[in-house]
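Pasting start-v8.pdb here (PDB, C-alpha atoms):
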```
MODEL        1
ATOM      1  CA  MET V   1     -14.227  83.468  69.697
ATOM      2  CA  VAL V   2     -17.933  84.222  70.210
ATOM      3  CA  ARG V   3     -18.486  84.576  66.469
ATOM      4  CA  ASP V   4     -16.696  81.314  65.710
ATOM      5  CA  THR V   5     -18.712  79.510  68.376
ATOM      6  CA  VAL V   6     -22.008  80.720  66.935
ATOM      7  CA  ILE V   7     -20.908  79.847  63.396
ATOM      8  CA  ALA V   8     -20.004  76.329  64.545
ATOM      9  CA  LEU V   9     -23.453  75.891  66.097
ATOM     10  CA  LEU V  10     -25.172  77.113  62.929
ATOM     11  CA  ALA V  11     -23.006  74.618  61.058
ATOM     12  CA  GLY V  12     -24.434  71.905  63.306
ATOM     13  CA  GLY V  13     -21.162  70.933  64.978
ATOM     14  CA  HIS V  14     -19.625  70.495  68.400
ATOM     15  CA  VAL V  15     -17.060  72.903  69.874
ATOM     16  CA  LEU V  16     -13.976  72.348  72.036
ATOM     17  CA  LEU V  17     -12.986  75.451  74.022
ATOM     18  CA  GLU V  18      -9.458  75.547  75.415
ATOM     19  CA  GLY V  19      -8.281  78.186  77.851
ATOM     20  CA  VAL V  20      -7.060  78.812  81.379
ATOM     21  CA  PRO V  21      -9.651  79.010  84.183
ATOM     22  CA  GLY V  22     -11.769  82.109  84.643
ATOM     23  CA  LEU V  23     -11.987  83.239  81.013
ATOM     24  CA  GLY V  24     -15.755  82.815  80.746
ATOM     25  CA  LYS V  25     -15.954  79.529  78.835
ATOM     26  CA  THR V  26     -18.831  78.285  80.975
ATOM     27  CA  SER V  27     -20.557  81.671  80.811
ATOM     28  CA  LEU V  28     -20.356  81.610  77.022
ATOM     29  CA  VAL V  29     -22.019  78.206  76.775
ATOM     30  CA  ARG V  30     -24.723  79.121  79.273
ATOM     31  CA  ALA V  31     -25.381  82.376  77.371
ATOM     32  CA  ILE V  32     -25.939  80.420  74.160
ATOM     33  CA  GLY V  33     -28.516  78.263  75.887
ATOM     34  CA  ASP V  34     -30.307  81.312  77.301
ATOM     35  CA  THR V  35     -30.383  83.382  74.116
ATOM     36  CA  CYS V  36     -31.537  80.483  71.933
ATOM     37  CA  ALA V  37     -34.258  79.169  74.292
ATOM     38  CA  LEU V  38     -32.583  75.782  74.363
ATOM     39  CA  GLN V  39     -32.491  73.211  77.120
ATOM     40  CA  PHE V  40     -29.116  73.608  78.827
ATOM     41  CA  SER V  41     -27.267  70.947  80.799
ATOM     42  CA  ARG V  42     -23.898  71.051  82.510
ATOM     43  CA  ILE V  43     -21.724  68.022  83.264
ATOM     44  CA  GLN V  44     -18.751  68.603  85.561
ATOM     45  CA  PHE V  45     -16.208  65.990  84.506
ATOM     46  CA  THR V  46     -14.246  64.448  87.392
ATOM     47  CA  PRO V  47     -12.132  61.272  87.683
ATOM     48  CA  ASP V  48     -14.948  59.434  89.496
ATOM     49  CA  LEU V  49     -17.619  60.275  86.902
ATOM     50  CA  MET V  50     -19.152  57.147  85.348
ATOM     51  CA  PRO V  51     -20.679  56.707  81.859
ATOM     52  CA  ALA V  52     -24.136  56.188  83.372
ATOM     53  CA  ASP V  53     -23.820  59.610  85.020
ATOM     54  CA  ILE V  54     -23.824  61.072  81.503
ATOM     55  CA  THR V  55     -26.163  58.888  79.469
ATOM     56  CA  GLY V  56     -28.593  57.828  82.191
ATOM     57  CA  THR V  57     -29.461  54.389  83.559
ATOM     58  CA  MET V  58     -32.271  51.971  84.305
ATOM     59  CA  ILE V  59     -33.797  52.301  87.769
ATOM     60  CA  ILE V  60     -36.439  50.331  89.655
ATOM     61  CA  SER V  61     -39.688  52.271  89.973
ATOM     62  CA  GLU V  62     -43.082  51.491  91.414
ATOM     63  CA  HIS V  63     -46.319  52.388  89.675
ATOM     64  CA  GLU V  64     -49.815  51.407  90.811
ATOM     65  CA  GLY V  65     -48.475  48.660  93.053
ATOM     66  CA  SER V  66     -46.188  47.050  90.474
ATOM     67  CA  ARG V  67     -42.468  47.395  90.147
ATOM     68  CA  GLY V  68     -40.419  47.610  86.999
ATOM     69  CA  PHE V  69     -37.441  49.177  85.329
ATOM     70  CA  THR V  70     -37.693  52.667  83.869
ATOM     71  CA  PHE V  71     -35.062  54.740  82.147
ATOM     72  CA  GLN V  72     -33.795  57.795  83.980
ATOM     73  CA  HIS V  73     -32.431  60.269  81.454
ATOM     74  CA  GLY V  74     -28.922  61.581  82.011
ATOM     75  CA  PRO V  75     -27.785  65.186  81.524
ATOM     76  CA  VAL V  76     -26.751  64.450  77.935
ATOM     77  CA  PHE V  77     -30.440  64.660  77.006
ATOM     78  CA  ALA V  78     -30.406  68.401  76.365
ATOM     79  CA  ASN V  79     -29.984  70.746  73.414
ATOM     80  CA  VAL V  80     -26.779  72.332  74.689
ATOM     81  CA  VAL V  81     -24.503  70.168  76.818
ATOM     82  CA  LEU V  82     -21.554  71.770  78.573
ATOM     83  CA  ALA V  83     -18.849  69.169  79.201
ATOM     84  CA  ASP V  84     -16.832  71.167  81.724
ATOM     85  CA  GLU V  85     -13.150  70.164  82.041
ATOM     86  CA  VAL V  86     -13.761  67.161  79.819
ATOM     87  CA  ASN V  87     -10.149  65.988  80.113
ATOM     88  CA  ARG V  88     -10.539  65.305  83.842
ATOM     89  CA  ALA V  89     -12.698  62.213  83.323
ATOM     90  CA  THR V  90     -11.316  58.760  82.563
ATOM     91  CA  PRO V  91     -11.216  57.517  78.955
ATOM     92  CA  LYS V  92     -14.094  55.130  79.734
ATOM     93  CA  THR V  93     -16.321  58.055  80.687
ATOM     94  CA  GLN V  94     -15.078  60.252  77.856
ATOM     95  CA  SER V  95     -16.069  57.536  75.400
ATOM     96  CA  ALA V  96     -19.667  57.795  76.614
ATOM     97  CA  LEU V  97     -19.835  61.041  74.646
ATOM     98  CA  LEU V  98     -18.633  59.422  71.412
ATOM     99  CA  GLU V  99     -21.936  57.905  70.338
ATOM    100  CA  ALA V 100     -23.852  60.970  71.491
ATOM    101  CA  MET V 101     -21.647  63.366  69.519
ATOM    102  CA  GLN V 102     -21.528  61.300  66.339
ATOM    103  CA  GLU V 103     -24.889  59.529  66.199
ATOM    104  CA  ARG V 104     -26.862  62.019  68.324
ATOM    105  CA  SER V 105     -28.305  59.112  70.253
ATOM    106  CA  VAL V 106     -27.329  56.923  73.207
ATOM    107  CA  THR V 107     -27.744  53.200  73.741
ATOM    108  CA  VAL V 108     -28.561  51.984  77.245
ATOM    109  CA  ALA V 109     -29.675  48.444  78.120
ATOM    110  CA  GLY V 110     -29.843  47.533  74.439
ATOM    111  CA  THR V 111     -32.212  50.375  73.542
ATOM    112  CA  THR V 112     -31.154  53.311  71.372
ATOM    113  CA  ARG V 113     -32.682  56.618  72.396
ATOM    114  CA  PRO V 114     -32.451  59.737  70.193
ATOM    115  CA  LEU V 115     -31.189  62.974  71.688
ATOM    116  CA  PRO V 116     -33.052  66.289  71.377
ATOM    117  CA  ASP V 117     -32.760  68.198  68.117
ATOM    118  CA  PRO V 118     -30.720  70.338  67.837
ATOM    119  CA  PHE V 119     -27.949  68.818  69.937
ATOM    120  CA  PHE V 120     -24.598  70.469  70.642
ATOM    121  CA  VAL V 121     -21.711  69.522  72.883
ATOM    122  CA  LEU V 122     -19.476  72.364  73.987
ATOM    123  CA  ALA V 123     -16.534  71.013  75.946
ATOM    124  CA  THR V 124     -13.891  72.945  77.873
ATOM    125  CA  GLN V 125     -10.401  71.980  78.905
ATOM    126  CA  ASN V 126      -7.525  73.643  80.730
ATOM    127  CA  PRO V 127      -4.262  73.520  78.731
ATOM    128  CA  ILE V 128      -1.899  74.287  81.619
ATOM    129  CA  GLU V 129      -3.050  71.902  84.345
ATOM    130  CA  LEU V 130      -2.010  68.377  83.339
ATOM    131  CA  GLU V 131      -1.931  66.580  86.704
ATOM    132  CA  GLY V 132      -4.933  64.310  87.134
ATOM    133  CA  THR V 133      -6.106  64.747  83.539
ATOM    134  CA  TYR V 134      -6.636  62.304  80.676
ATOM    135  CA  PRO V 135      -5.936  63.744  77.213
ATOM    136  CA  LEU V 136      -8.821  63.262  74.821
ATOM    137  CA  PRO V 137      -8.221  60.415  72.363
ATOM    138  CA  GLU V 138      -7.870  61.336  68.705
ATOM    139  CA  ALA V 139     -11.158  59.587  67.863
ATOM    140  CA  GLN V 140     -13.064  61.896  70.188
ATOM    141  CA  LEU V 141     -11.165  65.030  69.208
ATOM    142  CA  ASP V 142     -12.166  64.329  65.624
ATOM    143  CA  ARG V 143     -15.836  64.570  66.620
ATOM    144  CA  PHE V 144     -15.437  68.255  67.442
ATOM    145  CA  LEU V 145     -16.102  70.456  64.444
ATOM    146  CA  VAL V 146     -13.710  73.131  65.710
ATOM    147  CA  LYS V 147     -11.272  73.763  68.524
ATOM    148  CA  LEU V 148     -11.266  77.366  69.697
ATOM    149  CA  LEU V 149      -8.535  78.939  71.818
ATOM    150  CA  VAL V 150      -9.938  81.282  74.447
ATOM    151  CA  PRO V 151      -7.610  84.307  74.724
ATOM    152  CA  PHE V 152      -6.790  86.143  77.924
ATOM    153  CA  PRO V 153      -8.644  89.476  78.186
ATOM    154  CA  THR V 154      -6.925  92.779  77.529
ATOM    155  CA  THR V 155      -6.605  95.377  80.298
ATOM    156  CA  SER V 156      -9.692  97.245  79.098
ATOM    157  CA  GLU V 157     -11.649  93.992  78.886
ATOM    158  CA  LEU V 158     -10.628  93.063  82.433
ATOM    159  CA  ALA V 159     -11.960  96.404  83.639
ATOM    160  CA  GLU V 160     -15.211  95.834  81.734
ATOM    161  CA  ILE V 161     -15.581  92.377  83.305
ATOM    162  CA  ALA V 162     -15.305  93.925  86.763
ATOM    163  CA  ARG V 163     -17.736  96.706  85.823
ATOM    164  CA  ARG V 164     -20.404  94.276  84.605
ATOM    165  CA  THR V 165     -20.140  91.605  87.288
ATOM    166  CA  THR V 166     -19.562  93.472  90.563
ATOM    167  CA  GLY V 167     -22.458  95.908  90.488
ATOM    168  CA  ALA V 168     -25.805  95.747  92.237
ATOM    169  CA  GLN V 169     -27.487  94.253  89.181
ATOM    170  CA  LEU V 170     -26.019  91.478  87.084
ATOM    171  CA  PRO V 171     -26.532  91.454  83.305
ATOM    172  CA  ARG V 172     -29.528  89.438  82.115
ATOM    173  CA  LEU V 173     -29.776  87.797  78.719
ATOM    174  CA  GLU V 174     -32.928  87.749  76.632
ATOM    175  CA  ASN V 175     -34.099  85.069  74.275
ATOM    176  CA  VAL V 176     -33.518  86.094  70.655
ATOM    177  CA  VAL V 177     -34.283  82.911  68.714
ATOM    178  CA  GLY V 178     -36.470  79.859  69.260
ATOM    179  CA  ARG V 179     -35.625  76.224  68.745
ATOM    180  CA  GLU V 180     -37.549  75.890  65.490
ATOM    181  CA  VAL V 181     -35.989  79.023  64.014
ATOM    182  CA  LEU V 182     -32.521  77.807  64.963
ATOM    183  CA  ARG V 183     -33.234  74.455  63.345
ATOM    184  CA  ALA V 184     -34.352  76.259  60.182
ATOM    185  CA  MET V 185     -31.173  78.373  60.187
ATOM    186  CA  ILE V 186     -29.038  75.238  60.362
ATOM    187  CA  GLY V 187     -30.981  73.763  57.459
ATOM    188  CA  LEU V 188     -30.620  76.956  55.415
ATOM    189  CA  ALA V 189     -26.846  76.952  55.865
ATOM    190  CA  ARG V 190     -26.626  73.464  54.369
ATOM    191  CA  GLU V 191     -28.287  74.724  51.175
ATOM    192  CA  VAL V 192     -25.525  77.229  50.366
ATOM    193  CA  LEU V 193     -23.867  76.419  47.057
ATOM    194  CA  VAL V 194     -20.223  75.364  46.852
ATOM    195  CA  ALA V 195     -18.491  75.336  43.473
ATOM    196  CA  ASP V 196     -16.385  72.331  42.550
ATOM    197  CA  HIS V 197     -13.143  74.315  42.496
ATOM    198  CA  VAL V 198     -13.821  75.555  46.062
ATOM    199  CA  LEU V 199     -14.529  72.007  47.230
ATOM    200  CA  ASP V 200     -11.307  70.957  45.541
ATOM    201  CA  TYR V 201      -9.410  73.661  47.460
ATOM    202  CA  ALA V 202     -10.778  72.437  50.787
ATOM    203  CA  ALA V 203      -9.821  68.881  49.883
ATOM    204  CA  ARG V 204      -6.285  69.925  48.895
ATOM    205  CA  LEU V 205      -5.833  71.754  52.205
ATOM    206  CA  VAL V 206      -6.691  68.601  54.128
ATOM    207  CA  ALA V 207      -4.574  66.410  51.844
ATOM    208  CA  ALA V 208      -1.607  68.749  52.403
ATOM    209  CA  SER V 209      -1.828  68.087  56.156
ATOM    210  CA  HIS V 210      -0.612  64.528  55.619
ATOM    211  CA  PRO V 211       3.168  63.859  55.544
ATOM    212  CA  ARG V 212       3.365  62.270  52.139
ATOM    213  CA  GLY V 213       4.311  63.136  48.600
ATOM    214  CA  GLY V 214       3.275  66.637  47.623
ATOM    215  CA  ALA V 215       2.956  67.942  51.184
ATOM    216  CA  PRO V 216       4.948  71.023  52.258
ATOM    217  CA  ALA V 217       8.380  70.227  53.678
ATOM    218  CA  GLU V 218       7.384  71.487  57.129
ATOM    219  CA  VAL V 219       4.428  69.088  57.204
ATOM    220  CA  THR V 220       6.591  66.125  56.228
ATOM    221  CA  ALA V 221       9.066  66.933  58.974
ATOM    222  CA  GLN V 222       6.685  67.993  61.750
ATOM    223  CA  VAL V 223       3.454  65.998  61.349
ATOM    224  CA  ARG V 224       2.899  62.315  62.145
ATOM    225  CA  PHE V 225      -0.736  62.110  61.043
ATOM    226  CA  GLY V 226      -2.866  64.633  59.208
ATOM    227  CA  ALA V 227      -6.538  65.541  59.399
ATOM    228  CA  SER V 228      -9.349  63.087  58.714
ATOM    229  CA  PRO V 229     -12.100  63.430  56.080
ATOM    230  CA  ARG V 230     -14.245  65.073  58.772
ATOM    231  CA  ALA V 231     -11.946  68.082  58.382
ATOM    232  CA  VAL V 232     -13.148  68.592  54.794
ATOM    233  CA  GLN V 233     -16.733  68.457  55.991
ATOM    234  CA  GLY V 234     -15.917  70.919  58.759
ATOM    235  CA  LEU V 235     -14.245  73.414  56.435
ATOM    236  CA  VAL V 236     -17.206  73.384  54.069
ATOM    237  CA  GLN V 237     -19.825  73.561  56.846
ATOM    238  CA  MET V 238     -18.157  76.532  58.515
ATOM    239  CA  ALA V 239     -17.531  78.252  55.176
ATOM    240  CA  LYS V 240     -21.218  78.003  54.240
ATOM    241  CA  VAL V 241     -22.323  79.844  57.375
ATOM    242  CA  ARG V 242     -19.655  82.520  56.909
ATOM    243  CA  ALA V 243     -20.799  83.074  53.326
ATOM    244  CA  LEU V 244     -24.346  83.773  54.534
ATOM    245  CA  LEU V 245     -23.088  86.130  57.224
ATOM    246  CA  GLU V 246     -21.150  88.000  54.542
ATOM    247  CA  GLY V 247     -24.300  88.340  52.439
ATOM    248  CA  ARG V 248     -23.378  85.770  49.796
ATOM    249  CA  PHE V 249     -25.168  82.619  48.657
ATOM    250  CA  ASN V 250     -22.062  80.798  47.514
ATOM    251  CA  VAL V 251     -18.820  79.849  49.256
ATOM    252  CA  ALA V 252     -15.580  81.661  48.365
ATOM    253  CA  PHE V 253     -11.961  80.633  48.902
ATOM    254  CA  GLU V 254     -11.651  83.108  51.771
ATOM    255  CA  ASP V 255     -14.538  81.439  53.599
ATOM    256  CA  VAL V 256     -12.614  78.181  53.607
ATOM    257  CA  ARG V 257      -9.294  79.777  54.564
ATOM    258  CA  SER V 258     -10.878  81.639  57.492
ATOM    259  CA  PHE V 259     -11.498  78.437  59.437
ATOM    260  CA  ALA V 260      -8.466  76.343  58.510
ATOM    261  CA  ALA V 261      -6.831  76.733  61.932
ATOM    262  CA  GLN V 262     -10.029  76.187  63.913
ATOM    263  CA  VAL V 263     -10.916  73.010  61.990
ATOM    264  CA  LEU V 264      -7.437  71.503  61.602
ATOM    265  CA  ARG V 265      -5.523  72.369  64.795
ATOM    266  CA  HIS V 266      -6.927  69.515  66.906
ATOM    267  CA  ARG V 267      -6.706  66.993  64.086
ATOM    268  CA  LEU V 268      -2.958  67.251  63.487
ATOM    269  CA  LEU V 269      -0.613  64.936  65.396
ATOM    270  CA  LEU V 270       2.844  66.489  65.547
ATOM    271  CA  THR V 271       6.078  64.572  65.815
ATOM    272  CA  PHE V 272       7.946  64.442  69.108
ATOM    273  CA  GLU V 273      10.713  66.588  67.638
ATOM    274  CA  ALA V 274       8.236  69.276  66.573
ATOM    275  CA  GLU V 275       6.674  69.387  70.039
ATOM    276  CA  THR V 276      10.045  69.721  71.750
ATOM    277  CA  GLU V 277      10.930  72.598  69.425
ATOM    278  CA  GLY V 278       7.736  74.423  70.366
ATOM    279  CA  ILE V 279       6.059  73.997  66.992
ATOM    280  CA  THR V 280       2.296  74.508  67.242
ATOM    281  CA  PRO V 281      -0.443  73.071  65.018
ATOM    282  CA  ASP V 282      -1.443  76.626  64.092
ATOM    283  CA  SER V 283       1.999  77.324  62.649
ATOM    284  CA  VAL V 284       1.744  74.147  60.569
ATOM    285  CA  VAL V 285      -1.702  75.168  59.327
ATOM    286  CA  SER V 286      -0.320  78.581  58.389
ATOM    287  CA  ARG V 287       2.387  76.904  56.307
ATOM    288  CA  ILE V 288      -0.220  74.736  54.599
ATOM    289  CA  LEU V 289      -2.251  77.807  53.674
ATOM    290  CA  ASP V 290       0.856  79.419  52.192
ATOM    291  CA  ALA V 291       1.750  76.305  50.217
ATOM    292  CA  VAL V 292      -1.653  75.396  48.757
ATOM    293  CA  ASP V 293      -2.713  77.710  45.923
ATOM    294  CA  PRO V 294      -6.487  78.285  45.759
ATOM    295  CA  GLU V 295      -6.291  78.188  41.984
ATOM    296  CA  PRO V 296      -3.512  75.814  40.947
ATOM    297  CA  VAL V 297      -1.949  76.239  37.537
ATOM    298  CA  VAL V 298      -3.110  73.455  35.207
ATOM    299  CA  SER V 299      -0.362  72.344  32.849
TER     300      SER V 299
ENDMDL
END
```
Output the file's structure as structure tokens, nothing else.
Amino acid sequence: MVRDTVIALLAGGHVLLEGVPGLGKTSLVRAIGDTCALQFSRIQFTPDLMPADITGTMIISEHEGSRGFTFQHGPVFANVVLADEVNRATPKTQSALLEAMQERSVTVAGTTRPLPDPFFVLATQNPIELEGTYPLPEAQLDRFLVKLLVPFPTTSELAEIARRTTGAQLPRLENVVGREVLRAMIGLAREVLVADHVLDYAARLVAASHPRGGAPAEVTAQVRFGASPRAVQGLVQMAKVRALLEGRFNVAFEDVRSFAAQVLRHRLLLTFEAETEGITPDSVVSRILDAVDPEPVVS
């Protein structure tokens, strides 16, 4: 999970973290801000949160005896923004993140203001507590590069958590990379070469997620809508970073396959019948990977 989160950031994308409370989602995001010397901001999403509480608003200020309107920046003006329990806010407030995530700017009072560079949104949501929540609309889910499932710790990991956090001294993180270096790393990842046949494989994976002619039978029966073109971009972006981490300067099929579930799981809309039968998006993605041959036979 930590590796995938870092890869997503180096790919320049936003991350949706899903897991039950207490698994360290907030700690992970805060640690990224500390180790990368980035400006960190946390937004606790609640039903009464308003869009202006995120983007900022115009306020009356007085300067040298004259009054006027000045813009007060909201918490979204940071390098790393933690949207904690993002599904607790109303759709109106959730939509305030749409422009920020896609355009990396916000428009208030008719003026568009750019956000800091780099800019990442890491949102968390609780999958088991549905009362008083508002599921994220598909348009906003599509803005997240990946959706990562936060697993419950093993017994040994639980003991290690207690050992590290209940002693006299708490662990302290050190800065390991500056903002400019991180920006350069993101730019370097975009320069990794991708052969046409690898791009074609990523495109065929996304095309196979749509219930139409040529799709696997399970997809036709269990999926209402498949992934958007942003999924192809996500697969390639993540694959480029993985290739560099593996010591290669070109993307391989395995790089693309490694992130199929993370990139596609939140972009698939299952049928009602599939949901009642307990079918998960990950199982559908697994079937797609089995059905799509990296090197199709050309007749």
Using the chain letters and numbering of this document, enumerate as a PDB file with C-alpha atoms, in the coordinates of the input the residues selected by the PyMOL selection byres ((chain V and resi 1) around 12).
```pdb
ATOM      1  CA  VAL V   2     -17.933  84.222  70.210  1.00  0.00           C
ATOM      2  CA  ARG V   3     -18.486  84.576  66.469  1.00  0.00           C
ATOM      3  CA  ASP V   4     -16.696  81.314  65.710  1.00  0.00           C
ATOM      4  CA  THR V   5     -18.712  79.510  68.376  1.00  0.00           C
ATOM      5  CA  VAL V   6     -22.008  80.720  66.935  1.00  0.00           C
ATOM      6  CA  ILE V   7     -20.908  79.847  63.396  1.00  0.00           C
ATOM      7  CA  ALA V   8     -20.004  76.329  64.545  1.00  0.00           C
ATOM      8  CA  VAL V  15     -17.060  72.903  69.874  1.00  0.00           C
ATOM      9  CA  LEU V  16     -13.976  72.348  72.036  1.00  0.00           C
ATOM     10  CA  LEU V  17     -12.986  75.451  74.022  1.00  0.00           C
ATOM     11  CA  GLU V  18      -9.458  75.547  75.415  1.00  0.00           C
ATOM     12  CA  GLY V  19      -8.281  78.186  77.851  1.00  0.00           C
ATOM     13  CA  LEU V  23     -11.987  83.239  81.013  1.00  0.00           C
ATOM     14  CA  GLY V  24     -15.755  82.815  80.746  1.00  0.00           C
ATOM     15  CA  LYS V  25     -15.954  79.529  78.835  1.00  0.00           C
ATOM     16  CA  LEU V  28     -20.356  81.610  77.022  1.00  0.00           C
ATOM     17  CA  VAL V  29     -22.019  78.206  76.775  1.00  0.00           C
ATOM     18  CA  VAL V 146     -13.710  73.131  65.710  1.00  0.00           C
ATOM     19  CA  LYS V 147     -11.272  73.763  68.524  1.00  0.00           C
ATOM     20  CA  LEU V 148     -11.266  77.366  69.697  1.00  0.00           C
ATOM     21  CA  LEU V 149      -8.535  78.939  71.818  1.00  0.00           C
ATOM     22  CA  VAL V 150      -9.938  81.282  74.447  1.00  0.00           C
ATOM     23  CA  PRO V 151      -7.610  84.307  74.724  1.00  0.00           C
ATOM     24  CA  PHE V 152      -6.790  86.143  77.924  1.00  0.00           C
ATOM     25  CA  PRO V 153      -8.644  89.476  78.186  1.00  0.00           C
ATOM     26  CA  PHE V 259     -11.498  78.437  59.437  1.00  0.00           C
ATOM     27  CA  GLN V 262     -10.029  76.187  63.913  1.00  0.00           C
TER      28      GLN V 262
END
```
Pro281 in chain V surroundings by all atoms listed in the file, 10 Å radius, close-in-sequence under 3 positions cut, as a PyMOL selection string: chain V and resi 222-223+261+264-270+274-275+278+284-287
Store the residues of this selection in a file with C-alpha atoms, as a tab-separated table (two decimals), in the frame of the given file.
```tsv
chain	number	residue	atom	x	y	z
V	222	GLN	CA	6.68	67.99	61.75
V	223	VAL	CA	3.45	66.00	61.35
V	261	ALA	CA	-6.83	76.73	61.93
V	264	LEU	CA	-7.44	71.50	61.60
V	265	ARG	CA	-5.52	72.37	64.80
V	266	HIS	CA	-6.93	69.52	66.91
V	267	ARG	CA	-6.71	66.99	64.09
V	268	LEU	CA	-2.96	67.25	63.49
V	269	LEU	CA	-0.61	64.94	65.40
V	270	LEU	CA	2.84	66.49	65.55
V	274	ALA	CA	8.24	69.28	66.57
V	275	GLU	CA	6.67	69.39	70.04
V	278	GLY	CA	7.74	74.42	70.37
V	284	VAL	CA	1.74	74.15	60.57
V	285	VAL	CA	-1.70	75.17	59.33
V	286	SER	CA	-0.32	78.58	58.39
V	287	ARG	CA	2.39	76.90	56.31
```
Residue nearest Gly178 in chain V - candidates V:Gln39, V:Gln140, V:Ser27, V:Asn250, atoms counted: all atoms listed in the file: V:Gln39
Spatial neighbours of range 51-68 of chain V, max dist 12 Å, only C-alpha atoms, sep filter under 2 positions, as a PyMOL selection string: chain V and resi 41-49+70-78+81-83+86+89-101+104-115
Residue nearest Val236 in chain V among V:Val121, V:Ile32, V:Met185, V:Ala260 (counting only C-alpha atoms): V:Ala260
Near-Pro118 in chain V list (9 Å; all atoms listed in the file; drop same-chain fewer than 5 positions) as a count of residues only: 8
Neighbour list for Val192 in chain V as number ranges by chain, cut-off 6 Å, all atoms listed in the file, skip fewer than 2 positions in-chain: V: 189-190, 240, 249-250
Generate a file of the selected residues that holds C-alpha atoms, formatted as a PDB file, keeping the file's coordinate frame.
```
ATOM      1  CA  ALA V 189     -26.846  76.952  55.865  1.00  0.00           C
ATOM      2  CA  ARG V 190     -26.626  73.464  54.369  1.00  0.00           C
ATOM      3  CA  LYS V 240     -21.218  78.003  54.240  1.00  0.00           C
ATOM      4  CA  PHE V 249     -25.168  82.619  48.657  1.00  0.00           C
ATOM      5  CA  ASN V 250     -22.062  80.798  47.514  1.00  0.00           C
TER       6      ASN V 250
END
```
Atomic separation - CA of Ala239 in chain V relative to CA of Leu10 in chain V, Å: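 That distance, rounded to one decimal, is 10.9 Å.
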